[in-house]
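Peer 1: What follows is protein_0.txt; its format and atoms are compact mmCIF, C-alpha atoms.
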# COMPACT_ATOMS: atom_id res chain seq x y z
CA MET V 1 15.54 2.21 -10.72
CA GLU V 2 16.69 5.22 -12.67
CA TYR V 3 14.31 7.31 -14.78
CA SER V 4 15.29 10.28 -16.87
CA ASP V 5 13.90 13.66 -15.94
CA ASP V 6 12.51 13.90 -19.48
CA LEU V 7 10.51 10.67 -19.00
CA LEU V 8 9.15 11.74 -15.61
CA ARG V 9 8.28 15.21 -16.89
CA ASP V 10 6.52 13.71 -19.92
CA VAL V 11 4.49 11.33 -17.73
CA LEU V 12 3.41 14.16 -15.42
CA LYS V 13 2.51 16.46 -18.31
CA LYS V 14 0.42 13.87 -20.18
CA ALA V 15 -1.53 12.44 -17.25
CA ARG V 16 -4.75 14.28 -16.44
CA ARG V 17 -6.82 11.57 -14.69
CA ILE V 18 -5.10 9.59 -11.93
CA ALA V 19 -6.62 6.69 -9.98
CA ILE V 20 -4.90 6.36 -6.59
CA VAL V 21 -5.23 2.81 -5.31
CA GLY V 22 -4.90 2.61 -1.54
CA VAL V 23 -5.57 6.27 -0.79
CA SER V 24 -6.12 7.13 2.86
CA MET V 25 -8.72 9.47 4.34
CA ASN V 26 -6.16 10.40 7.02
CA PRO V 27 -4.52 13.74 6.14
CA VAL V 28 -1.21 12.75 7.75
CA ARG V 29 -0.79 9.67 5.54
CA ALA V 30 1.37 9.99 2.43
CA SER V 31 -1.36 8.71 0.11
CA TYR V 32 -3.69 11.48 1.29
CA PHE V 33 -1.29 14.36 0.88
CA VAL V 34 -0.01 13.07 -2.47
CA GLY V 35 -3.59 12.83 -3.75
CA ARG V 36 -4.45 16.26 -2.38
CA TYR V 37 -1.34 17.78 -3.90
CA LEU V 38 -2.09 16.29 -7.33
CA ALA V 39 -5.72 17.45 -7.14
CA LEU V 40 -4.50 20.97 -6.35
CA ARG V 41 -2.33 20.78 -9.49
CA ASP V 42 -5.45 20.30 -11.66
CA TYR V 43 -5.25 16.53 -12.00
CA LYS V 44 -8.52 14.68 -11.62
CA VAL V 45 -7.75 12.32 -8.76
CA ILE V 46 -9.96 9.25 -8.45
CA PRO V 47 -9.62 7.83 -4.93
CA ILE V 48 -9.74 4.04 -4.54
CA ASN V 49 -10.19 2.46 -1.10
CA PRO V 50 -12.84 -0.20 -0.35
CA ARG V 51 -13.03 0.88 3.31
CA HIS V 52 -14.35 4.33 2.43
CA VAL V 53 -16.69 3.77 -0.51
CA GLY V 54 -19.00 6.70 -1.10
CA GLU V 55 -17.13 9.17 1.08
CA MET V 56 -15.81 12.26 -0.70
CA LEU V 57 -12.12 12.95 -1.15
CA PHE V 58 -10.51 15.59 -3.39
CA GLY V 59 -13.96 16.41 -4.77
CA GLN V 60 -14.57 12.83 -5.91
CA PRO V 61 -16.42 9.86 -4.39
CA VAL V 62 -14.15 7.13 -3.05
CA LEU V 63 -14.55 3.93 -5.08
CA ALA V 64 -14.01 0.33 -3.99
CA GLY V 65 -11.75 -0.68 -6.85
CA LEU V 66 -10.56 0.11 -10.34
CA SER V 67 -13.53 -1.78 -11.77
CA ASP V 68 -15.79 0.95 -10.33
CA VAL V 69 -14.10 3.73 -12.32
CA GLU V 70 -16.50 4.77 -15.08
CA GLU V 71 -14.09 6.79 -17.19
CA PRO V 72 -10.66 6.27 -18.70
CA VAL V 73 -7.64 7.02 -16.54
CA ASP V 74 -4.19 8.02 -17.70
CA MET V 75 -2.28 6.83 -14.65
CA VAL V 76 -2.79 4.35 -11.84
CA ASP V 77 -0.80 5.35 -8.73
CA ILE V 78 -0.33 2.40 -6.36
CA PHE V 79 -0.14 2.94 -2.58
CA ARG V 80 -0.29 -0.75 -1.66
CA ARG V 81 2.29 -3.34 -0.66
CA SER V 82 4.36 -4.79 -3.45
CA GLU V 83 2.60 -8.17 -3.21
CA ALA V 84 -0.71 -6.49 -4.14
CA VAL V 85 0.73 -4.98 -7.34
CA PRO V 86 0.13 -7.89 -9.79
CA GLU V 87 -3.63 -7.92 -9.24
CA ILE V 88 -3.83 -4.12 -9.52
CA VAL V 89 -1.79 -4.14 -12.73
CA ASP V 90 -3.94 -6.95 -14.19
CA ASP V 91 -7.09 -4.96 -13.44
CA ALA V 92 -5.65 -1.71 -14.79
CA LEU V 93 -4.54 -3.31 -18.05
CA ALA V 94 -7.91 -5.04 -18.52
CA LEU V 95 -10.02 -2.00 -17.66
CA PHE V 96 -8.14 0.90 -19.25
CA PRO V 97 -7.02 0.14 -22.81
CA ASP V 98 -5.50 3.62 -23.19
CA LEU V 99 -3.66 3.58 -19.85
CA GLN V 100 -0.40 5.49 -20.11
CA THR V 101 1.33 4.89 -16.78
CA ILE V 102 1.48 2.60 -13.79
CA TRP V 103 3.20 4.47 -10.96
CA MET V 104 4.31 2.58 -7.85
CA GLN V 105 5.00 4.70 -4.80
CA ILE V 106 8.19 4.80 -2.76
CA GLY V 107 8.87 1.31 -1.41
CA VAL V 108 6.58 -0.37 -3.96
CA GLU V 109 8.14 -2.49 -6.71
CA HIS V 110 7.20 -5.59 -8.68
CA ALA V 111 9.43 -6.57 -11.61
CA GLU V 112 7.06 -9.11 -13.19
CA ALA V 113 4.01 -6.86 -13.07
CA ALA V 114 6.11 -3.99 -14.42
CA ALA V 115 7.32 -6.14 -17.32
CA GLN V 116 3.74 -7.19 -18.09
CA ALA V 117 2.58 -3.57 -18.26
CA GLU V 118 5.59 -2.46 -20.28
CA ALA V 119 4.93 -5.28 -22.76
CA ARG V 120 1.53 -3.64 -23.34
CA GLY V 121 3.15 -0.27 -24.00
CA VAL V 122 2.43 1.21 -20.57
CA THR V 123 5.15 3.28 -18.91
CA VAL V 124 6.01 1.97 -15.45
CA ILE V 125 7.61 4.02 -12.69
CA GLN V 126 8.57 2.15 -9.51
CA ASN V 127 9.69 3.28 -6.07
CA ARG V 128 9.04 6.99 -6.77
CA CYS V 129 6.48 9.59 -5.74
CA PRO V 130 4.73 11.79 -8.33
CA LYS V 131 4.40 14.63 -5.79
CA ILE V 132 8.14 14.70 -5.11
CA GLU V 133 8.96 14.41 -8.80
CA TYR V 134 6.49 17.16 -9.73
CA GLN V 135 7.94 19.49 -7.13
CA ARG V 136 11.49 18.73 -8.23
CA LEU V 137 10.89 18.95 -11.98
CA PHE V 138 8.60 21.97 -12.04
CA GLY V 139 10.53 24.21 -9.67
CA GLU V 140 8.53 23.88 -6.49
CA LEU V 141 11.54 22.76 -4.48
CA ARG V 142 14.55 24.89 -3.71
CA LYS V 143 17.79 24.09 -1.94
CA GLY V 144 17.09 23.88 1.74
CA GLY V 145 13.35 23.26 1.49
CA PHE V 146 10.13 24.23 -0.19
CA ALA V 147 9.75 27.21 -2.45
CA THR V 148 7.77 30.05 -1.01
CA GLY V 149 5.09 32.13 -2.61
CA VAL V 150 2.36 31.26 -5.06
CA ILE V 151 2.70 27.92 -6.80
CA SER V 152 1.34 27.68 -10.31
CA SER V 153 -0.70 24.64 -11.24
CA LYS V 154 0.26 25.00 -14.88
CA LEU V 155 2.90 22.75 -16.34
Just give me the structure as structure tokens.
Peer 2:
Amino acid sequence: MEYSDDLLRDVLKKARRIAIVGVSMNPVRASYFVGRYLALRDYKVIPINPRHVGEMLFGQPVLAGLSDVEEPVDMVDIFRRSEAVPEIVDDALALFPDLQTIWMQIGVEHAEAAAQAEARGVTVIQNRCPKIEYQRLFGELRKGGFATGVISSKL
């Protein structure tokens, strides 16, 4: 799927609270380093993984599911297999009336769930990574690799 840079930039600028469904406690897993990266960019990252309830990650307690989140979220970032997406989207739409974005990580897509969320006015990004897009759109990547030096957390 193709998304304009303006859309992706807008999504990343507006989101402040991100629930990551399927986050790992293992620092070599993509879901961990994406969550850590976003937390270091001043997003409030709410980790969701029923196997690690109560442990701390990115300064927040790990929750079992979206239904355990006690505050509104702007974005739900899905690190689960595509077949798990419909239930996650159903929960997100029911629990967060002001939800702005459903973001499905690289390799994660579900056309029907995406259409359901879009019909409710929620932006859906599929098969993309917010960390990669942030780095690309806000100048943290350079030709040949990562930028060096101090990285600003300000958009």
Peer 1: Can you tell me how far atom CA of V:Val62 sits from atom CA of V:Lys14, in Å to one decimal?
Peer 2: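 Calculated distance between atom CA of V:Val62 and atom CA of V:Lys14 is 23.5 Å.
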Peer 1: Could you pull the residues within 9 Å of V:Arg80, counting all atoms listed in the file, minus those fewer than 6 positions along the same chain, as a list in words?
Peer 2: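 Near V:Arg80, the qualifying residues are Val21, Gly22, Val23, Met104, Gln105 and Val108 of chain V.
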Peer 1: Excluding V:Ala111 and residues on its chain fewer than 3 positions from it, collect all residues at most 12 Å away from it, counting only C-alpha atoms, and give them as JSON, numbers by chain.
Peer 2: {"V": [1, 82, 83, 85, 86, 89, 104, 108, 114, 115, 116, 117, 118, 124, 125, 126, 127]}
Peer 1: Please determine, counting all atoms listed in the file, which residue among V:Ile20, V:Met25, V:Leu8, V:Leu57 has the shortest atom-to-atom distance to V:Arg128.
Peer 2: V:Leu8
Peer 1: Considering only C-alpha atoms, can you say which of V:Arg51, V:Arg29, V:His110, V:Arg16 comes closest to V:Glu71?
Peer 2: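 Checking each of V:Arg51, V:Arg29, V:His110, V:Arg16 against V:Glu71, counting only C-alpha atoms, the winner is V:Arg16.
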Peer 1: If we count all atoms listed in the file and set the cut-off at 9 Å, which residues sit around V:Phe58, ignoring sequence neighbours fewer than 2 positions away in its own chain? Please answer as a PyMOL selection string.
Peer 2: chain V and resi 35-36+39-40+44-47+56+60-61
Peer 1: Please, could you write that set of residues out with C-alpha atoms as a short mmCIF file (atom, residue, chain, number, x, y, z; two decimals), keeping the file's coordinate frame?
Peer 2:
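And here is the file that came out, selection-v6.cif:
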data_model
loop_
_atom_site.label_atom_id
_atom_site.label_comp_id
_atom_site.auth_asym_id
_atom_site.auth_seq_id
_atom_site.Cartn_x
_atom_site.Cartn_y
_atom_site.Cartn_z
CA GLY V 35 -3.59 12.83 -3.75
CA ARG V 36 -4.45 16.26 -2.38
CA ALA V 39 -5.72 17.45 -7.14
CA LEU V 40 -4.50 20.97 -6.35
CA LYS V 44 -8.52 14.68 -11.62
CA VAL V 45 -7.75 12.32 -8.76
CA ILE V 46 -9.96 9.25 -8.45
CA PRO V 47 -9.62 7.83 -4.93
CA MET V 56 -15.81 12.26 -0.70
CA GLN V 60 -14.57 12.83 -5.91
CA PRO V 61 -16.42 9.86 -4.39
#
Peer 1: Just checking: using all atoms listed in the file, which residue out of V:Ile48, V:Ala94, V:Leu12, V:Leu137 ends up closest to V:Tyr32?
Peer 2: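 Among the listed residues, V:Ile48 lies closest to V:Tyr32.
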Peer 1: May I ask for the distance between atom CA of V:Val28 and atom CA of V:Ile88, given in Å to one decimal place?
Peer 2: 24.3 Å
Peer 1: When you count only C-alpha atoms, which of these residues is closest to V:Cys129: V:Val73, V:Val34, V:Ile102, V:Ala19?
Peer 2: V:Val34
Peer 1: Of the candidates V:Asp68, V:Asp98, V:Asp74, V:Asp10, which shows the shortest atom-to-atom distance to V:Val53, using only C-alpha atoms?
Peer 2: V:Asp68
Peer 1: Quick check, in Å to one decimal: how far apart do atom CA of V:Glu112 and atom CA of V:Leu66 lie?
Peer 2: 20.1 Å
Peer 1: So that I can see what lies close to V:Leu99, please list as a list in words the residues with an atom at most 8 Å from it, counting only C-alpha atoms and leaving out residues fewer than 6 positions away in the same chain.
Peer 2: Pro72, Val73, Asp74, Met75, Ala92, Leu93 and Val122 of chain V
Peer 1: From the options V:Ala30, V:Pro50, V:Ala119, V:Ile18, which residue's atoms come nearest to V:Asp77, counting only C-alpha atoms?
Peer 2: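 Selected residue with least distance to V:Asp77: V:Ile18.
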